[in-house]
Amino acid sequence: IDDLYEESKSRKFRLPRKEVMVGAGYSHAWLFHTPIIDAPKMLMHMLEEIEAHQYTDHVDVETNKYYTTIEEMLDEAKALGCDGLVNCTGMGSKQLCNDDSLIGARGVLLHYDRASCVWRDEQDRESTEKRAESLQDSVILIEDPPFGSETMPCYMIPRGEIIAVGGSYLEGDEERIMRQTEIERVVGNAQKMGIDVEKSNHVGAWVGFRPYRPTSRLELDEEVSSASGVKLVHSYGYGGSGWTVFVGAAKEAASLM
């Protein structure tokens with residue numbers, strides 16, 4: 001911890017107060033540099049890239065059409081003249097494929113506005129703006145007690161115009177809204193991470209379900225492909241690692257086609 005905070009003086013990245021971390025009993029930390037994806041912006045970029053591709057005929061991501069079986073998807077593919085289909089429906093595969101091994105790993109987040117968020121070491125908006133010019137926002141993840149655990153991690157992720165503070169990884173929890181106790185816990189996490197929660201209100205609450213499976217499914221469904229005449233490849237069940245493995249998963253799915 002001493003080395004981390006000493007390095008932060010020259011690297012100028014924003015961290016929780018040292019006395020908070022040391023007082024909680026933390027003595028070591030990992031420091032590494034990694035790209036952080038602004039997911040909505042990245043998804044829009046990927047869509048634009050597909051639409052501009054020379055072999056793209058038509059893209060429709062908002063069909064408002066819901067399938068109840070994989071057979072319905074295959075019939076649609078055949079009607080469109082397609083000879084291949086990649087099933088990457090995430091949690092939808094539980095019903096489409098009758099896959100009982102697929103469960104939702106529930107996650108909760110609070111969003112804080114990155115531009116107006118006030119930090120505990122900064123007494124007013126003016127000082128926040130001044131320090132923002134020199135400090136770099138950091139991703140912080142704590143999965144060890146007392147602040148966090150594997151199922152109730154404490155983390156902060158600067159992403160685009162927001163700072164996401166979480167969180168949870170609760171397998172089989174199907175509640176679709178944040179419980180009041182969860183909001184209070186995540187606000188507490190924001191406070192631990194250095195956000196002045198008295199002067200910075202969260203601007204949104206988010207609940208999502210990571211499609212968790214004991215082993216991810218990335219394979220050619222030979223039985224269905226043979227019966228339907230449409231090559232079917234499944235690609236789902238990556239839990240919270242979708243943004244980590246999506247490039248490799250997409251290449252492997254394409255090779256199976």
# chains A, B, ... in the order shown; residues from 1 in each chain; ligands from 1
call {"tool": "select_by_dssp", "arguments": {"residues": "segment 90-193 of chain A", "states": "strand (DSSP E or B)", "output": "PyMOL selection string"}}
result
chain A and resi 103-113+119+136+140-142+154-159+162-166+170-171
call {"tool": "select_by_dssp", "arguments": {"residues": "segment 11-254 of chain A", "states": "helix (DSSP H, G or I)", "output": "PyMOL selection string"}}
result
chain A and resi 11+18-23+39-52+70-79+90-96+125-132+180-193+222-228+239-254
call {"tool": "residues_around", "arguments": {"residues": "Glu184 of chain A", "least_positions_apart": "3", "cutoff": "12 Å", "atoms": "only C-alpha atoms", "output": "ChimeraX atom specification"}}
result
/A:108-110,165-167,178-181,187-191,197,202,205
call {"tool": "write_last_selection", "arguments": {"atoms": "all heavy atoms", "output": "compact mmCIF listing (two decimals), in the first residue's frame"}}
result
# COMPACT_ATOMS: atom_id res chain seq x y z
N VAL A 108 -25.39 -5.11 -9.44
CA VAL A 108 -26.03 -3.82 -9.19
C VAL A 108 -24.99 -2.71 -9.26
O VAL A 108 -23.83 -2.90 -8.88
CB VAL A 108 -26.73 -3.79 -7.81
CG1 VAL A 108 -27.86 -4.80 -7.77
CG2 VAL A 108 -25.75 -4.04 -6.67
N LEU A 109 -25.41 -1.56 -9.76
CA LEU A 109 -24.53 -0.40 -9.90
C LEU A 109 -25.29 0.87 -9.58
O LEU A 109 -26.50 0.97 -9.80
CB LEU A 109 -24.02 -0.26 -11.35
CG LEU A 109 -23.09 -1.31 -11.93
CD1 LEU A 109 -22.88 -1.02 -13.41
CD2 LEU A 109 -21.76 -1.31 -11.20
N LEU A 110 -24.58 1.86 -9.09
CA LEU A 110 -25.06 3.22 -9.06
C LEU A 110 -24.17 4.05 -9.97
O LEU A 110 -22.95 3.86 -10.00
CB LEU A 110 -25.02 3.80 -7.64
CG LEU A 110 -26.01 3.22 -6.63
CD1 LEU A 110 -25.84 3.90 -5.27
CD2 LEU A 110 -27.46 3.37 -7.11
N VAL A 165 -20.32 2.62 -9.74
CA VAL A 165 -19.92 2.11 -8.43
C VAL A 165 -20.78 0.88 -8.12
O VAL A 165 -22.00 0.91 -8.27
CB VAL A 165 -20.08 3.17 -7.33
CG1 VAL A 165 -19.64 2.60 -5.97
CG2 VAL A 165 -19.27 4.43 -7.66
N GLY A 166 -20.12 -0.21 -7.69
CA GLY A 166 -20.86 -1.43 -7.42
C GLY A 166 -20.34 -2.10 -6.15
O GLY A 166 -19.56 -1.52 -5.40
N GLY A 167 -20.82 -3.29 -5.94
CA GLY A 167 -21.57 -4.06 -6.87
C GLY A 167 -21.97 -5.39 -6.22
O GLY A 167 -21.92 -5.57 -5.01
N MET A 178 -33.02 -2.48 -7.68
CA MET A 178 -32.10 -2.45 -6.55
C MET A 178 -32.88 -2.34 -5.25
O MET A 178 -33.78 -1.50 -5.11
CB MET A 178 -31.15 -1.25 -6.67
CG MET A 178 -29.98 -1.48 -7.59
SD MET A 178 -28.74 -0.14 -7.51
CE MET A 178 -27.91 -0.53 -5.95
N ARG A 179 -32.56 -3.19 -4.32
CA ARG A 179 -33.15 -3.11 -3.00
C ARG A 179 -32.59 -1.90 -2.26
O ARG A 179 -31.45 -1.47 -2.51
CB ARG A 179 -32.87 -4.40 -2.23
CG ARG A 179 -33.35 -5.66 -2.94
CD ARG A 179 -32.94 -6.90 -2.16
NE ARG A 179 -33.43 -8.13 -2.79
CZ ARG A 179 -32.70 -8.88 -3.62
NH1 ARG A 179 -31.46 -8.52 -3.90
NH2 ARG A 179 -33.20 -9.98 -4.16
N GLN A 180 -33.37 -1.37 -1.31
CA GLN A 180 -32.92 -0.21 -0.57
C GLN A 180 -31.62 -0.50 0.18
O GLN A 180 -30.72 0.34 0.25
CB GLN A 180 -34.00 0.26 0.40
CG GLN A 180 -33.65 1.52 1.18
CD GLN A 180 -33.38 2.72 0.27
OE1 GLN A 180 -34.02 2.87 -0.77
NE2 GLN A 180 -32.42 3.55 0.65
N THR A 181 -31.51 -1.72 0.71
CA THR A 181 -30.29 -2.08 1.43
C THR A 181 -29.08 -2.10 0.49
O THR A 181 -27.96 -1.77 0.90
CB THR A 181 -30.44 -3.46 2.09
OG1 THR A 181 -30.86 -4.43 1.09
CG2 THR A 181 -31.48 -3.42 3.20
N VAL A 187 -23.82 3.13 -1.95
CA VAL A 187 -23.48 4.51 -1.59
C VAL A 187 -22.32 4.50 -0.61
O VAL A 187 -21.39 5.32 -0.69
CB VAL A 187 -24.71 5.24 -0.97
CG1 VAL A 187 -24.28 6.56 -0.33
CG2 VAL A 187 -25.75 5.51 -2.05
N GLY A 188 -22.33 3.54 0.31
CA GLY A 188 -21.21 3.38 1.24
C GLY A 188 -19.92 3.05 0.51
O GLY A 188 -18.84 3.54 0.88
N ASN A 189 -20.02 2.25 -0.53
CA ASN A 189 -18.84 1.93 -1.34
C ASN A 189 -18.30 3.18 -2.03
O ASN A 189 -17.09 3.38 -2.12
CB ASN A 189 -19.18 0.87 -2.38
CG ASN A 189 -19.37 -0.51 -1.78
OD1 ASN A 189 -19.06 -0.72 -0.61
ND2 ASN A 189 -19.89 -1.43 -2.56
N ALA A 190 -19.22 4.01 -2.53
CA ALA A 190 -18.80 5.26 -3.17
C ALA A 190 -18.05 6.14 -2.18
O ALA A 190 -17.03 6.76 -2.52
CB ALA A 190 -20.02 5.99 -3.73
N GLN A 191 -18.54 6.18 -0.96
CA GLN A 191 -17.87 6.95 0.09
C GLN A 191 -16.47 6.40 0.35
O GLN A 191 -15.51 7.17 0.48
CB GLN A 191 -18.72 6.91 1.36
CG GLN A 191 -18.12 7.68 2.54
CD GLN A 191 -18.45 9.16 2.50
OE1 GLN A 191 -19.02 9.64 1.54
NE2 GLN A 191 -18.07 9.87 3.55
N VAL A 197 -20.43 11.71 -0.91
CA VAL A 197 -21.83 11.34 -1.18
C VAL A 197 -22.80 12.37 -0.61
O VAL A 197 -23.99 12.34 -0.93
CB VAL A 197 -22.15 9.94 -0.64
CG1 VAL A 197 -21.30 8.89 -1.36
CG2 VAL A 197 -21.95 9.85 0.86
N HIS A 202 -26.21 10.11 -6.73
CA HIS A 202 -26.13 9.23 -7.89
C HIS A 202 -27.22 9.62 -8.89
O HIS A 202 -28.30 10.06 -8.50
CB HIS A 202 -26.24 7.76 -7.48
CG HIS A 202 -27.48 7.40 -6.75
ND1 HIS A 202 -27.60 7.41 -5.38
CD2 HIS A 202 -28.69 7.00 -7.21
CE1 HIS A 202 -28.80 7.04 -5.03
NE2 HIS A 202 -29.49 6.78 -6.12
N ALA A 205 -29.59 4.14 -11.22
CA ALA A 205 -29.38 2.83 -10.61
C ALA A 205 -29.56 1.78 -11.69
O ALA A 205 -30.43 1.91 -12.56
CB ALA A 205 -30.38 2.61 -9.47
call {"tool": "atom_distance", "arguments": {"atom1": "atom CA of Tyr169 of chain A", "atom2": "atom CA of Glu62 of chain A"}}
result
28.7 Å
call {"tool": "atom_distance", "arguments": {"atom1": "atom CA of Lys12 of chain A", "atom2": "atom CA of Pro145 of chain A"}}
result
26.5 Å
call {"tool": "residues_around", "arguments": {"residues": "Asp38 of chain A", "least_positions_apart": "3", "cutoff": "12 Å", "atoms": "only C-alpha atoms", "output": "VMD selection string"}}
result
chain A and resid 35 41 to 45 157 to 164 243
call {"tool": "atom_distance", "arguments": {"atom1": "atom CA of Ser168 of chain A", "atom2": "atom CA of Arg114 of chain A"}}
result
21.6 Å
call {"tool": "decode", "arguments": {"residues": "segment 63-213 of chain A", "atoms": "C-alpha atoms", "output": "short mmCIF file (atom, residue, chain, number, x, y, z; two decimals), in the first residue's frame"}}
result
data_model
loop_
_atom_site.label_atom_id
_atom_site.label_comp_id
_atom_site.auth_asym_id
_atom_site.auth_seq_id
_atom_site.Cartn_x
_atom_site.Cartn_y
_atom_site.Cartn_z
CA THR A 63 -37.10 -5.85 -34.50
CA ASN A 64 -39.31 -5.99 -31.38
CA LYS A 65 -39.59 -9.65 -32.23
CA TYR A 66 -39.18 -12.27 -29.50
CA TYR A 67 -38.43 -15.93 -30.10
CA THR A 68 -39.54 -18.67 -27.74
CA THR A 69 -37.65 -21.57 -29.34
CA ILE A 70 -34.46 -22.01 -31.32
CA GLU A 71 -36.60 -23.55 -34.08
CA GLU A 72 -38.35 -20.21 -34.57
CA MET A 73 -34.97 -18.56 -35.06
CA LEU A 74 -33.92 -21.21 -37.57
CA ASP A 75 -37.17 -20.81 -39.52
CA GLU A 76 -36.58 -17.05 -39.64
CA ALA A 77 -33.03 -17.63 -40.87
CA LYS A 78 -34.25 -19.90 -43.66
CA ALA A 79 -36.95 -17.39 -44.64
CA LEU A 80 -34.25 -14.75 -44.99
CA GLY A 81 -32.16 -17.06 -47.15
CA CYS A 82 -29.47 -17.60 -44.50
CA ASP A 83 -27.54 -20.85 -44.24
CA GLY A 84 -25.96 -20.08 -40.86
CA LEU A 85 -27.06 -18.75 -37.47
CA VAL A 86 -25.07 -17.78 -34.39
CA ASN A 87 -27.03 -17.98 -31.16
CA CYS A 88 -25.51 -15.34 -28.86
CA THR A 89 -28.70 -14.51 -26.93
CA GLY A 90 -27.12 -14.64 -23.47
CA MET A 91 -29.76 -15.26 -20.82
CA GLY A 92 -32.31 -15.87 -23.58
CA SER A 93 -30.62 -19.20 -24.27
CA LYS A 94 -32.00 -20.57 -21.02
CA GLN A 95 -35.43 -20.75 -22.66
CA LEU A 96 -34.42 -21.05 -26.30
CA CYS A 97 -32.12 -24.01 -25.69
CA ASN A 98 -33.75 -25.40 -22.54
CA ASP A 99 -30.39 -24.85 -20.88
CA ASP A 100 -30.99 -25.22 -17.15
CA SER A 101 -27.27 -24.82 -16.41
CA LEU A 102 -27.48 -21.14 -17.43
CA ILE A 103 -28.30 -18.77 -14.57
CA GLY A 104 -28.21 -15.03 -14.07
CA ALA A 105 -25.41 -13.66 -11.89
CA ARG A 106 -27.07 -10.46 -10.70
CA GLY A 107 -25.09 -7.25 -10.57
CA VAL A 108 -26.03 -3.82 -9.19
CA LEU A 109 -24.53 -0.40 -9.90
CA LEU A 110 -25.06 3.22 -9.06
CA HIS A 111 -24.03 5.83 -11.61
CA TYR A 112 -22.43 9.14 -10.65
CA ASP A 113 -21.98 12.00 -13.10
CA ARG A 114 -18.26 12.12 -13.86
CA ALA A 115 -18.18 15.84 -14.61
CA SER A 116 -19.94 17.06 -11.46
CA CYS A 117 -18.90 14.38 -8.96
CA VAL A 118 -17.26 15.93 -5.88
CA TRP A 119 -14.46 14.06 -4.13
CA ARG A 120 -13.89 14.03 -0.39
CA ASP A 121 -10.48 15.68 -0.70
CA GLU A 122 -11.99 18.48 -2.77
CA GLN A 123 -14.18 20.90 -0.85
CA ASP A 124 -16.02 22.55 -3.73
CA ARG A 125 -16.74 22.37 -7.43
CA GLU A 126 -13.89 24.73 -8.33
CA SER A 127 -11.27 22.58 -6.63
CA THR A 128 -12.75 19.50 -8.29
CA GLU A 129 -12.29 21.09 -11.71
CA LYS A 130 -8.73 22.14 -10.89
CA ARG A 131 -7.70 18.71 -9.64
CA ALA A 132 -9.42 17.00 -12.56
CA GLU A 133 -6.90 18.66 -14.84
CA SER A 134 -4.03 16.85 -13.12
CA LEU A 135 -5.51 13.65 -11.66
CA GLN A 136 -6.44 10.51 -13.58
CA ASP A 137 -9.53 8.56 -12.58
CA SER A 138 -8.74 4.99 -11.59
CA VAL A 139 -10.57 1.69 -11.67
CA ILE A 140 -10.60 0.23 -8.17
CA LEU A 141 -11.75 -3.30 -7.34
CA ILE A 142 -11.85 -4.77 -3.83
CA GLU A 143 -12.93 -8.39 -3.37
CA ASP A 144 -11.46 -8.98 0.08
CA PRO A 145 -12.97 -8.08 3.46
CA PRO A 146 -13.86 -5.86 5.13
CA PHE A 147 -14.93 -3.74 2.13
CA GLY A 148 -15.70 -6.50 -0.36
CA SER A 149 -16.02 -10.19 -1.20
CA GLU A 150 -16.34 -12.30 -4.34
CA THR A 151 -20.14 -12.03 -4.24
CA MET A 152 -20.28 -8.47 -2.87
CA PRO A 153 -17.33 -6.67 -4.46
CA CYS A 154 -16.63 -3.01 -3.83
CA TYR A 155 -15.57 -1.27 -7.02
CA MET A 156 -15.51 1.95 -9.01
CA ILE A 157 -15.17 2.16 -12.79
CA PRO A 158 -14.88 5.52 -14.64
CA ARG A 159 -16.59 4.97 -18.00
CA GLY A 160 -17.51 7.67 -20.47
CA GLU A 161 -19.57 10.35 -18.78
CA ILE A 162 -20.32 8.32 -15.67
CA ILE A 163 -18.56 6.67 -12.77
CA ALA A 164 -20.04 3.24 -12.06
CA VAL A 165 -19.92 2.11 -8.43
CA GLY A 166 -20.86 -1.43 -7.42
CA GLY A 167 -21.57 -4.06 -6.87
CA SER A 168 -22.67 -7.69 -6.57
CA TYR A 169 -22.32 -11.10 -8.21
CA LEU A 170 -25.29 -13.07 -6.95
CA GLU A 171 -26.04 -16.28 -8.83
CA GLY A 172 -29.74 -17.05 -9.11
CA ASP A 173 -30.97 -13.75 -7.62
CA GLU A 174 -33.77 -12.62 -9.98
CA GLU A 175 -34.77 -9.29 -8.38
CA ARG A 176 -34.96 -6.70 -11.18
CA ILE A 177 -34.67 -3.53 -9.10
CA MET A 178 -32.10 -2.45 -6.55
CA ARG A 179 -33.15 -3.11 -3.00
CA GLN A 180 -32.92 -0.21 -0.57
CA THR A 181 -30.29 -2.08 1.43
CA GLU A 182 -28.23 -2.48 -1.75
CA ILE A 183 -28.47 1.22 -2.57
CA GLU A 184 -27.26 2.06 0.93
CA ARG A 185 -24.38 -0.41 0.65
CA VAL A 186 -23.24 0.88 -2.76
CA VAL A 187 -23.48 4.51 -1.59
CA GLY A 188 -21.21 3.38 1.24
CA ASN A 189 -18.84 1.93 -1.34
CA ALA A 190 -18.80 5.26 -3.17
CA GLN A 191 -17.87 6.95 0.09
CA LYS A 192 -15.05 4.48 0.65
CA MET A 193 -13.78 5.09 -2.89
CA GLY A 194 -13.51 8.80 -2.16
CA ILE A 195 -16.75 10.26 -3.53
CA ASP A 196 -18.34 12.88 -1.29
CA VAL A 197 -21.83 11.34 -1.18
CA GLU A 198 -23.17 14.35 0.75
CA LYS A 199 -22.44 16.59 -2.25
CA SER A 200 -22.75 14.07 -5.08
CA ASN A 201 -26.05 12.30 -5.68
CA HIS A 202 -26.13 9.23 -7.89
CA VAL A 203 -27.84 9.87 -11.24
CA GLY A 204 -28.97 6.34 -11.96
CA ALA A 205 -29.38 2.83 -10.61
CA TRP A 206 -28.74 -0.24 -12.71
CA VAL A 207 -29.42 -3.96 -12.33
CA GLY A 208 -28.14 -6.55 -14.79
CA PHE A 209 -27.81 -10.32 -15.09
CA ARG A 210 -24.56 -11.84 -16.29
CA PRO A 211 -25.25 -15.05 -18.24
CA TYR A 212 -23.30 -17.49 -16.07
CA ARG A 213 -22.74 -21.13 -16.93
#
